[in-house]
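J.: Here you go, this is run.cif (mmCIF, C-alpha atoms and all ligand atoms).
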data_work
#
loop_
_atom_site.label_atom_id
_atom_site.label_comp_id
_atom_site.auth_asym_id
_atom_site.auth_seq_id
_atom_site.Cartn_x
_atom_site.Cartn_y
_atom_site.Cartn_z
CA MET A 1 -19.59 30.99 75.58
CA LEU A 2 -21.14 29.16 78.51
CA TYR A 3 -19.21 26.05 77.49
CA ALA A 4 -15.92 28.01 77.61
CA ILE A 5 -16.79 29.60 80.95
CA SER A 6 -17.79 26.23 82.32
CA TRP A 7 -14.36 24.78 81.52
CA CYS A 8 -12.51 27.85 82.67
CA VAL A 9 -14.04 27.95 86.17
CA ASP A 10 -14.80 24.23 86.50
CA LEU A 11 -18.48 25.01 86.84
CA PRO A 12 -19.70 21.42 87.54
CA SER A 13 -17.62 21.36 90.73
CA LYS A 14 -19.30 24.57 91.86
CA ILE A 15 -22.96 24.11 90.97
CA GLY A 16 -23.23 20.42 90.02
CA ASP A 17 -23.66 18.55 86.73
CA LEU A 18 -27.42 18.94 86.52
CA GLU A 19 -27.31 22.72 86.88
CA VAL A 20 -24.65 22.90 84.14
CA LEU A 21 -26.84 20.77 81.86
CA ILE A 22 -29.79 23.05 82.59
CA LEU A 23 -27.68 26.09 81.77
CA LEU A 24 -26.30 24.68 78.52
CA THR A 25 -29.77 23.61 77.35
CA SER A 26 -31.18 27.02 78.29
CA CYS A 27 -28.44 28.75 76.29
CA ILE A 28 -29.24 26.69 73.21
CA CYS A 29 -33.00 27.32 73.54
CA HIS A 30 -33.08 30.88 74.87
CA ASP A 31 -33.84 32.65 71.55
CA LEU A 32 -35.90 29.96 69.77
CA ASP A 33 -38.25 31.32 67.10
CA HIS A 34 -37.11 34.93 67.67
CA PRO A 35 -39.06 37.18 65.29
CA GLY A 36 -36.28 39.85 65.11
CA TYR A 37 -38.33 42.55 66.86
CA ASN A 38 -37.71 42.93 70.58
CA ASN A 39 -40.06 43.14 73.57
CA ILE A 40 -40.34 46.91 73.32
CA TYR A 41 -41.81 46.52 69.85
CA GLN A 42 -43.96 43.53 70.88
CA ILE A 43 -45.48 45.53 73.73
CA ASN A 44 -45.93 48.81 71.85
CA ALA A 45 -47.33 47.09 68.75
CA LYS A 46 -49.60 44.91 70.93
CA THR A 47 -48.48 41.83 69.04
CA GLU A 48 -49.94 38.37 69.47
CA LEU A 49 -47.03 37.45 71.79
CA ALA A 50 -47.51 40.54 73.96
CA ILE A 51 -51.21 39.82 74.29
CA ARG A 52 -50.57 36.15 75.05
CA TYR A 53 -48.05 36.89 77.78
CA ASN A 54 -49.63 40.11 79.10
CA ASP A 55 -46.54 42.20 78.27
CA ILE A 56 -44.45 40.13 80.69
CA SER A 57 -41.26 39.12 78.86
CA PRO A 58 -43.30 38.08 75.80
CA LEU A 59 -40.30 36.91 73.80
CA GLU A 60 -38.54 35.00 76.56
CA ASN A 61 -41.81 33.29 77.53
CA HIS A 62 -42.23 32.35 73.88
CA HIS A 63 -38.65 31.02 73.48
CA CYS A 64 -39.09 28.92 76.60
CA SER A 65 -42.48 27.63 75.60
CA VAL A 66 -41.16 26.62 72.16
CA ALA A 67 -38.26 24.82 73.88
CA PHE A 68 -40.61 22.67 75.94
CA ARG A 69 -42.82 21.98 72.90
CA ILE A 70 -39.72 20.64 71.12
CA LEU A 71 -38.77 18.59 74.15
CA GLU A 72 -42.22 16.97 74.08
CA ASN A 73 -41.15 15.33 70.85
CA GLU A 74 -39.89 11.83 71.63
CA ASP A 75 -36.90 12.17 69.26
CA CYS A 76 -35.80 15.46 70.80
CA ASN A 77 -36.37 14.82 74.47
CA ILE A 78 -32.85 14.62 75.85
CA PHE A 79 -34.34 14.35 79.34
CA LYS A 80 -36.63 11.36 78.69
CA SER A 81 -34.69 9.06 81.01
CA PHE A 82 -34.90 11.57 83.87
CA SER A 83 -37.01 10.92 86.94
CA SER A 84 -40.01 13.21 87.27
CA GLU A 85 -38.28 14.90 90.21
CA ASP A 86 -35.19 15.66 88.11
CA PHE A 87 -37.28 16.80 85.15
CA LYS A 88 -39.18 19.14 87.46
CA GLN A 89 -35.84 20.68 88.44
CA VAL A 90 -34.82 20.95 84.77
CA ARG A 91 -38.06 22.66 83.83
CA GLU A 92 -37.94 25.08 86.74
CA GLY A 93 -34.26 25.87 86.06
CA MET A 94 -34.72 26.38 82.33
CA ILE A 95 -37.70 28.66 82.82
CA ARG A 96 -35.73 30.71 85.36
CA CYS A 97 -32.66 30.94 83.09
CA ILE A 98 -34.46 31.74 79.84
CA LEU A 99 -36.70 34.36 81.45
CA ALA A 100 -33.57 35.95 82.94
CA THR A 101 -32.41 36.93 79.44
CA ASP A 102 -35.03 39.69 79.23
CA MET A 103 -32.88 42.84 79.23
CA ALA A 104 -35.63 44.64 81.15
CA ARG A 105 -34.54 42.57 84.15
CA HIS A 106 -30.84 43.32 83.78
CA ASN A 107 -30.52 45.71 86.71
CA GLU A 108 -32.69 43.61 88.99
CA ILE A 109 -30.62 40.47 88.33
CA LEU A 110 -27.25 42.22 88.54
CA THR A 111 -28.15 44.01 91.78
CA ASN A 112 -29.35 40.77 93.41
CA PHE A 113 -26.20 38.99 92.30
CA LYS A 114 -23.85 41.69 93.57
CA GLU A 115 -25.57 41.61 96.94
CA ILE A 116 -24.94 37.91 97.39
CA VAL A 117 -21.42 37.58 95.90
CA PRO A 118 -19.52 38.79 99.00
CA SER A 119 -21.18 36.05 101.08
CA PHE A 120 -19.76 33.32 98.89
CA ASN A 121 -16.31 33.89 97.56
CA TYR A 122 -15.01 31.02 95.38
CA ASN A 123 -11.61 32.69 95.28
CA ASP A 124 -11.25 32.52 99.05
CA LYS A 125 -10.39 28.85 99.74
CA GLY A 126 -11.08 29.14 103.48
CA HIS A 127 -14.47 30.58 102.79
CA VAL A 128 -15.40 27.83 100.34
CA ASN A 129 -14.46 25.13 102.87
CA LEU A 130 -16.49 26.86 105.54
CA VAL A 131 -19.52 26.93 103.29
CA ARG A 132 -19.03 23.26 102.33
CA THR A 133 -18.84 22.20 106.01
CA PHE A 134 -22.16 23.83 106.71
CA MET A 135 -23.66 22.87 103.37
CA SER A 136 -26.70 21.12 104.80
CA GLU A 137 -27.58 24.07 107.02
CA LEU A 138 -26.84 26.40 104.19
CA GLU A 139 -28.70 24.46 101.56
CA ILE A 140 -31.34 27.11 101.07
CA PHE A 141 -28.71 29.82 100.99
CA SER A 142 -26.55 27.97 98.45
CA PHE A 143 -29.60 27.10 96.32
CA ASP A 144 -30.44 30.78 96.24
CA LEU A 145 -26.86 31.65 95.30
CA HIS A 146 -26.80 29.08 92.50
CA LYS A 147 -30.09 30.40 91.12
CA LYS A 148 -28.67 33.90 90.97
CA LEU A 149 -25.35 32.69 89.57
CA CYS A 150 -27.09 30.72 86.81
CA MET A 151 -29.15 33.75 85.80
CA VAL A 152 -25.98 35.84 85.56
CA LEU A 153 -24.14 33.11 83.64
CA ILE A 154 -26.80 32.86 80.93
CA LYS A 155 -26.97 36.65 80.68
CA VAL A 156 -23.19 36.91 80.34
CA SER A 157 -23.24 34.26 77.61
CA ASP A 158 -26.16 35.94 75.85
CA ILE A 159 -24.46 39.30 75.45
CA SER A 160 -20.88 38.08 75.20
CA ASN A 161 -20.23 38.97 71.58
CA GLU A 162 -17.72 41.70 72.43
CA ALA A 163 -15.58 39.23 74.40
CA ARG A 164 -14.78 37.48 71.13
CA PRO A 165 -12.01 38.40 68.70
CA MET A 166 -12.82 41.42 66.55
CA ASP A 167 -13.09 39.40 63.32
CA VAL A 168 -15.83 37.31 64.92
CA ALA A 169 -17.51 40.06 66.92
CA GLU A 170 -17.78 42.74 64.28
CA PRO A 171 -19.77 40.91 61.56
CA TRP A 172 -22.18 39.78 64.28
CA LEU A 173 -22.53 43.36 65.50
CA ASP A 174 -23.23 44.56 61.96
CA LYS A 175 -26.07 42.05 61.76
CA LEU A 176 -27.40 43.21 65.12
CA LEU A 177 -27.41 46.84 63.99
CA GLN A 178 -29.23 45.85 60.82
CA GLU A 179 -31.86 44.23 63.03
CA PHE A 180 -32.05 47.37 65.21
CA PHE A 181 -32.50 49.64 62.20
CA LYS A 182 -35.13 47.34 60.72
CA GLN A 183 -37.13 47.58 63.95
CA SER A 184 -36.85 51.38 64.27
CA ASP A 185 -37.79 51.78 60.59
CA ALA A 186 -40.88 49.65 61.21
CA GLU A 187 -41.71 51.70 64.32
CA LYS A 188 -41.54 54.89 62.27
CA LEU A 189 -43.72 53.44 59.52
CA GLU A 190 -46.29 52.14 62.00
CA GLY A 191 -46.37 55.33 64.07
CA LEU A 192 -45.05 53.58 67.19
CA PRO A 193 -42.60 55.12 69.68
CA VAL A 194 -39.16 54.87 68.07
CA THR A 195 -36.72 52.86 70.17
CA PRO A 196 -33.85 55.36 70.51
CA PHE A 197 -30.92 52.94 70.76
CA MET A 198 -32.10 51.38 67.50
CA ASP A 199 -32.63 54.60 65.57
CA ARG A 200 -30.30 54.99 62.57
CA GLU A 201 -30.63 58.77 62.96
CA LYS A 202 -29.41 58.66 66.56
CA ILE A 203 -26.76 55.99 66.83
CA THR A 204 -23.68 54.73 65.06
CA LYS A 205 -21.73 51.56 65.59
CA PRO A 206 -19.19 53.16 67.96
CA SER A 207 -21.75 55.21 69.91
CA SER A 208 -23.96 52.16 70.34
CA GLN A 209 -21.07 50.04 71.58
CA CYS A 210 -19.72 52.73 73.94
CA SER A 211 -23.10 52.89 75.59
CA PHE A 212 -23.85 49.16 75.61
CA ILE A 213 -20.40 47.98 76.71
CA GLY A 214 -19.85 50.79 79.20
CA PHE A 215 -23.22 50.78 80.91
CA VAL A 216 -24.52 47.23 80.47
CA LEU A 217 -21.92 44.69 79.46
CA LEU A 218 -18.82 45.58 81.46
CA PRO A 219 -20.56 46.04 84.85
CA LEU A 220 -22.12 42.58 84.43
CA PHE A 221 -18.86 40.93 83.36
CA GLU A 222 -16.93 42.59 86.16
CA ALA A 223 -19.42 41.32 88.74
CA LEU A 224 -18.93 37.74 87.51
CA GLY A 225 -15.17 38.31 87.27
CA ASP A 226 -15.15 39.29 90.95
CA LEU A 227 -16.53 35.85 91.77
CA PHE A 228 -14.30 33.90 89.36
CA ILE A 229 -10.93 35.57 88.88
CA GLU A 230 -10.14 33.01 86.15
CA LEU A 231 -12.60 34.91 83.95
CA GLN A 232 -10.59 38.12 83.97
CA ASP A 233 -8.40 37.05 81.06
CA LEU A 234 -11.08 35.07 79.23
CA ILE A 235 -13.86 37.65 79.08
CA VAL A 236 -13.39 40.75 81.28
CA GLN A 237 -10.17 42.06 79.73
CA PRO A 238 -11.29 41.52 76.10
CA VAL A 239 -14.46 43.50 76.83
CA ARG A 240 -12.41 46.34 78.37
CA GLU A 241 -10.29 46.38 75.23
CA ALA A 242 -13.39 46.44 73.02
CA LEU A 243 -14.67 49.44 75.01
CA ASP A 244 -11.33 51.22 74.59
CA TYR A 245 -11.43 50.53 70.88
CA TYR A 246 -14.95 51.87 70.42
CA ARG A 247 -14.20 54.91 72.58
CA ARG A 248 -11.26 55.79 70.37
CA LEU A 249 -13.34 55.19 67.26
CA ASN A 250 -16.14 57.27 68.70
CA GLU A 251 -13.79 60.14 69.47
CA ALA A 252 -12.28 59.96 65.99
CA THR A 253 -15.75 59.91 64.42
CA ARG A 254 -16.68 62.94 66.47
CA GLU A 255 -13.61 64.84 65.34
CA GLU A 256 -14.36 63.91 61.78
CA ARG A 257 -17.87 65.31 62.13
CA LEU A 258 -16.56 68.56 63.55
CA HIS A 259 -14.11 68.75 60.70
CA ARG A 260 -16.85 68.22 58.10
CA LYS A 261 -19.00 70.77 59.85
CA SER A 262 -16.25 73.35 59.67
CA ILE A 263 -15.82 72.65 55.95
CA VAL A 264 -19.56 73.10 55.38
CA GLU A 265 -19.49 76.35 57.35
CA PHE A 266 -16.49 77.49 55.34
CA ILE A 267 -18.22 76.71 52.03
CA ASP A 268 -21.42 78.39 53.22
CA HIS A 269 -19.42 81.41 54.19
CA GLN A 270 -17.61 81.51 50.84
CA ASN A 271 -20.97 81.41 49.05
CA THR A 272 -22.40 84.26 51.14
CA PRO A 273 -22.28 87.58 49.22
CA ILE A 274 -19.94 89.99 51.05
CA SER A 275 -22.73 92.55 51.52
CA GLN A 276 -24.75 89.86 53.39
CA SER A 277 -21.83 88.55 55.43
CA PRO A 278 -22.50 88.75 59.15
CA GLU A 279 -18.84 89.65 59.63
CA SER A 280 -19.31 92.54 57.15
CA GLY A 281 -15.90 93.42 55.84
CA SER A 282 -14.17 90.12 56.50
CA THR A 283 -14.46 87.26 54.00
CA VAL A 284 -12.35 84.86 56.07
CA PRO A 285 -14.37 82.64 58.39
CA LYS A 286 -12.93 82.06 61.89
CA SER A 287 -12.81 78.30 61.42
CA SER A 288 -10.50 78.41 58.41
CA SER A 289 -7.43 79.23 60.47
CA ASN A 290 -7.22 75.74 61.97
CA SER A 291 -8.60 73.78 59.05
CA SER A 292 -5.23 72.26 58.16
CA VAL A 293 -4.94 70.85 61.69
CA LYS A 294 -8.39 69.36 61.30
CA MET A 295 -7.38 67.87 57.96
CA LYS A 296 -4.59 65.99 59.75
CA LYS A 297 -6.98 64.78 62.39
CA SER A 298 -9.28 63.57 59.67
CA LEU A 299 -6.44 61.48 58.25
CA SER A 300 -5.79 59.82 61.59
CA PHE A 301 -9.53 59.20 61.84
CA GLN A 302 -9.50 57.34 58.55
CA GLN A 303 -6.66 55.19 59.84
CA THR A 304 -8.32 54.49 63.17
CA ARG A 305 -11.59 53.44 61.64
CA SER A 306 -10.11 51.12 59.07
CA ARG A 307 -11.45 48.28 61.24
CA SER A 308 -14.99 49.54 61.08
CA ARG A 309 -17.14 48.54 58.19
CA SER A 310 -20.62 48.58 56.79
CA THR A 311 -23.02 50.12 59.26
CA ASP A 312 -21.31 53.30 60.29
CA GLU A 313 -19.98 53.76 56.80
CA ASP A 314 -23.56 53.57 55.59
CA THR A 315 -24.47 56.20 58.14
CA GLU A 316 -21.56 58.36 57.03
CA ASN A 317 -22.62 57.98 53.41
CA GLU A 318 -26.18 58.94 54.24
CA GLY A 319 -24.83 62.02 55.97
CA LEU A 320 -22.75 62.93 52.93
CA ALA A 321 -25.65 62.37 50.55
CA ALA A 322 -27.80 64.65 52.65
CA LEU A 323 -25.07 67.26 52.68
CA GLU A 324 -24.88 67.14 48.93
CA GLU A 325 -28.61 67.84 48.91
CA GLY A 326 -27.94 70.99 50.88
CA GLN A 327 -28.80 69.91 54.42
CA SER A 328 -26.51 70.75 57.32
CA LEU A 329 -25.07 67.95 59.44
CA GLU A 330 -27.23 69.03 62.36
CA ASP A 331 -30.27 68.45 60.18
CA VAL A 332 -29.10 64.93 59.46
CA GLN A 333 -28.16 63.75 62.95
CA GLU A 334 -27.98 65.23 66.39
CA ASP A 335 -24.48 64.36 67.52
CA PRO A 336 -25.00 60.60 67.26
CA GLU A 337 -21.43 59.86 68.33
CA SER A 338 -22.01 61.14 71.82
CA CYS A 339 -20.38 58.59 74.11
CA ASP A 340 -22.00 60.02 77.22
CA SER A 341 -25.15 58.31 76.03
CA GLU A 342 -27.73 60.89 75.15
CA THR A 343 -29.76 57.91 74.08
CA ALA A 344 -30.93 55.59 76.85
CA THR A 345 -29.52 52.08 76.99
CA GLU A 346 -31.54 49.02 76.04
CA VAL A 347 -31.95 48.23 79.72
CA GLU A 348 -33.49 51.60 80.57
CA VAL A 349 -35.84 51.61 77.61
CA SER A 350 -36.85 47.99 78.23
CA GLU A 351 -37.51 48.65 81.91
CA LYS A 352 -39.89 51.43 80.93
CA ALA A 353 -41.67 49.20 78.43
CA LEU A 354 -42.09 46.42 80.96
CA LYS A 355 -45.28 46.97 82.89
CA PHE A 356 -44.78 44.43 85.64
CA LYS A 357 -41.85 43.04 87.61
CA ILE A 358 -41.56 39.28 87.31
CA SER A 359 -39.23 38.74 90.21
CA THR A 360 -40.68 37.18 93.30
CA GLU A 361 -38.35 39.27 95.43
CA SER A 362 -38.15 43.00 96.02
CA SER A 363 -35.41 44.61 94.00
CA ILE A 364 -33.69 47.93 93.56
CA THR A 365 -34.61 49.80 90.41
CA THR A 366 -32.30 52.10 88.45
CA THR A 367 -33.84 55.03 90.26
CA GLY A 368 -32.70 53.51 93.55
CA ARG A 369 -36.28 52.90 94.68
CA LYS A 370 -37.44 49.45 95.66
CA SER A 371 -39.98 47.73 93.49
CA TYR A 372 -42.14 44.78 94.40
CA PRO A 373 -43.74 41.90 92.54
CA GLY A 374 -46.74 42.97 90.57
CA SER A 375 -46.19 46.63 91.24
CA ARG A 376 -46.58 48.96 88.30
CA LYS A 377 -43.41 50.67 87.19
CA GLY A 378 -43.08 54.33 86.32
N1 LIG B 1 -25.78 47.48 71.25
C1 LIG B 1 -25.50 46.19 71.51
N2 LIG B 1 -26.48 45.40 72.00
C2 LIG B 1 -26.17 44.12 72.25
C3 LIG B 1 -24.88 43.58 72.05
N3 LIG B 1 -24.88 42.28 72.42
C4 LIG B 1 -26.12 42.01 72.83
N4 LIG B 1 -26.90 43.11 72.74
C5 LIG B 1 -28.30 43.25 73.10
O1 LIG B 1 -28.67 42.27 74.03
C6 LIG B 1 -29.81 41.62 73.58
C7 LIG B 1 -29.77 40.21 74.00
O2 LIG B 1 -31.03 39.75 73.87
P1 LIG B 1 -31.44 38.44 73.06
O3 LIG B 1 -32.65 38.82 72.29
O4 LIG B 1 -30.30 38.05 72.15
O5 LIG B 1 -31.70 37.41 74.10
C8 LIG B 1 -29.78 41.74 72.06
O6 LIG B 1 -31.04 41.73 71.45
C9 LIG B 1 -29.16 43.09 71.89
O7 LIG B 1 -30.18 44.04 71.91
C10 LIG B 1 -23.88 44.46 71.54
O8 LIG B 1 -22.70 44.09 71.33
N5 LIG B 1 -24.24 45.74 71.29
ZN ZN B 2 -29.94 36.03 72.96
#
How does this structure look as structure tokens?
T.:
Amino acid sequence: MLYAISWCVDLPSKIGDLEVLILLTSCICHDLDHPGYNNIYQINAKTELAIRYNDISPLENHHCSVAFRILENEDCNIFKSFSSEDFKQVREGMIRCILATDMARHNEILTNFKEIVPSFNYNDKGHVNLVRTFMSELEIFSFDLHKKLCMVLIKVSDISNEARPMDVAEPWLDKLLQEFFKQSDAEKLEGLPVTPFMDREKITKPSSQCSFIGFVLLPLFEALGDLFIELQDLIVQPVREALDYYRRLNEATREERLHRKSIVEFIDHQNTPISQSPESGSTVPKSSSNSSVKMKKSLSFQQTRSRSRSTDEDTENEGLAALEEGQSLEDVQEDPESCDSETATEVEVSEKALKFKISTESSITTTGRKSYPGSRKG
């Protein structure tokens, strides 16, 4: 994705060849040797990585460390002809970029970026020339801008799956959800706090995507799209369409659940002896009057969700199996299709799990309060 963005906005002309090389290398290396369990798990389970890195972005520190171990190998060191000054810049840049992919730092990085974007508008030609004229005086300022831009660019690339065509994005998402469920299953088995956005009993594919795209992905993409209007068509619009799609799917899934619930209530009611009926005297449950309308809605649901596959079908099947065993739907799941995010996003949960802020600057937290380096959160 970074390669496509780089072409689309002519990135080398904006930040220079070396910064683009740093970014591309960081993208390739940013998840090296990922164990499939995220930082929340690492920290809660007190894993070797969490202990080694003192709960501070254990995974990202590990990915970055592995990258530089590989680069130590003569055959792999693509920077071996670089001067020590240039290599120092590469190392510093890669560390900054890779550590920026920790989702616990999402709000901090996005807030810092949004603050600086209005002072440097690539879309405003006059403004760009003005900045170029004063480049030497503004070197520190522009260096700071490029740092923040690079962090946003790697983050955008990291979570860009939903900007891709559905036939590419969806199988990848199914794999991601499998990874989520594997982690939450392990958390349950090990008696650890269960990460809510990974819990198969709380989320479905559409509810997860509504929350992730709406609260995390789109705000980030829109911020970058404000700086580079060329990105609107390439990544911002496709993500908006993905959100629309999952919202519709979510709504349809919700209706389907209500429909099933009304059928269960109807059957329950039918099986209740008349003498025990709460409506004593009436054998017709209230919900039956509109059941044919709900049947039609269910049909449209089936059509809408024909694009969705494995994971939420598995969840549906589990729900049905449980129903057959006599449980009510409420026993199985508590409205997992809720799009208004009853479950916290990955960013919120990760922020809570992260004990320390890594940033060397003060930043605004989700609660609107300022936090400072080294300060304890929460
Ligand atoms: N629910 C979704 N989560 C997503 C999606 N795309 C990315 N992500 C999350 O972001 C992190 C990125 O971290 P990294 O380990 O790959 O560096 C990833 O683990 C997911 O949790 C998405 O489409 N839906
Ligand atoms: Zn990644």
J.: Mind checking which residues fall within 8 Å of Gly214 of chain A, counting only C-alpha atoms, ignoring those fewer than 5 positions away in the same chain, and posting them as an MDAnalysis selection string?
T.: chainID A and resid 209 219 243
J.: Next, dump the selected residues to file, keeping only C-alpha atoms, as a PDB file, keeping the file's coordinate frame.
T.:
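part16.pdb, freshly written:
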ATOM      1  CA  GLN A 209     -21.070  50.040  71.580  1.00  0.00           C
ATOM      2  CA  PRO A 219     -20.560  46.040  84.850  1.00  0.00           C
ATOM      3  CA  LEU A 243     -14.670  49.440  75.010  1.00  0.00           C
TER       4      LEU A 243
END
J.: Could you tell me how far atom CA of Asp167 of chain A lies from atom CA of Ile213 of chain A, in Å and to one decimal?
T.: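 Atom CA of Ile213 of chain A lies at a distance of 17.5 Å from atom CA of Asp167 of chain A.
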J.: Just want the residues within 6 Å of ligand LIG 1 (chain B), written as a compact mmCIF listing (two decimals) with C-alpha atoms, in the frame of the given file, counting only C-alpha atoms and all ligand atoms.
T.:
# COMPACT_ATOMS: atom_id res chain seq x y z
CA ASP A 31 -33.84 32.65 71.55
CA THR A 101 -32.41 36.93 79.44
CA ASP A 158 -26.16 35.94 75.85
CA ILE A 159 -24.46 39.30 75.45
CA ASN A 161 -20.23 38.97 71.58
CA GLU A 162 -17.72 41.70 72.43
CA LEU A 173 -22.53 43.36 65.50
CA SER A 208 -23.96 52.16 70.34
CA GLN A 209 -21.07 50.04 71.58
CA PHE A 212 -23.85 49.16 75.61
J.: Which one is closest to Gly191 of chain A: A:Cys150, A:Ala4, A:Ala45, A:Ile15? Count all atoms listed in the file.
T.: A:Ala45
J.: Identify, counting all atoms listed in the file, the protein, DNA and RNA residues located within 12 Å of ligand ZN 2 (chain B), and give them as a PyMOL selection string.
T.: chain A and resi 1+26-36+38+59-60+63+97-103+154-161+176
J.: Closest to Ile22 of chain A among A:Ala50, A:Ile109, A:Ile95, A:Ile5, using all atoms listed in the file?
T.: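 Answer, going by the shortest atom-to-atom distance: A:Ile95.
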J.: My list of candidates is A:Asp233, A:Ser84, A:His106, A:Cys76. Which is closest to Glu351 of chain A when distances are computed with all atoms listed in the file?
T.: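 So, comparing all the options, the nearest one is A:His106.
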J.: Which one of A:Ile70, A:Ile56, A:Ala163, A:Leu218 sits closest to Ser350 of chain A if you count all atoms listed in the file?
T.: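 Among the listed residues, A:Ile56 lies closest to Ser350 of chain A.
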J.: Restricting the calculation to all atoms listed in the file: of A:Phe197, A:Glu48, A:Ile78, A:Lys182, which residue gets closest to Glu348 of chain A?
T.: A:Phe197
J.: Expressed in Å to a single decimal, how great is the separation between atom CA of Lys352 of chain A and atom CA of Arg52 of chain A?
T.: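 Value for the atom CA of Lys352 of chain A-atom CA of Arg52 of chain A distance: 19.5 Å.
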J.: Quick one: distance from atom CA of Lys175 of chain A to atom CA of Tyr53 of chain A in Å, one decimal?
T.: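 Going from atom CA of Lys175 of chain A over to atom CA of Tyr53 of chain A, I get 27.7 Å.
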J.: Return the single residue from A:Val9, A:Lys148, A:Leu258, A:Glu115 that is closest to Ile229 of chain A, with distances computed using only C-alpha atoms.
T.: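 Nearest to Ile229 of chain A: A:Val9.
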J.: Can you tell me, as a CSV table (one decimal) with C-alpha atoms, keeping the file's coordinate frame, what residues are no more than 8 Å from Leu224 of chain A when counting only C-alpha atoms, ignoring any on the same chain fewer than 6 positions away?
T.:
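Writing done, so here's out.csv:
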chain,number,residue,atom,x,y,z
A,152,VAL,CA,-26.0,35.8,85.6
A,153,LEU,CA,-24.1,33.1,83.6
A,231,LEU,CA,-12.6,34.9,84.0
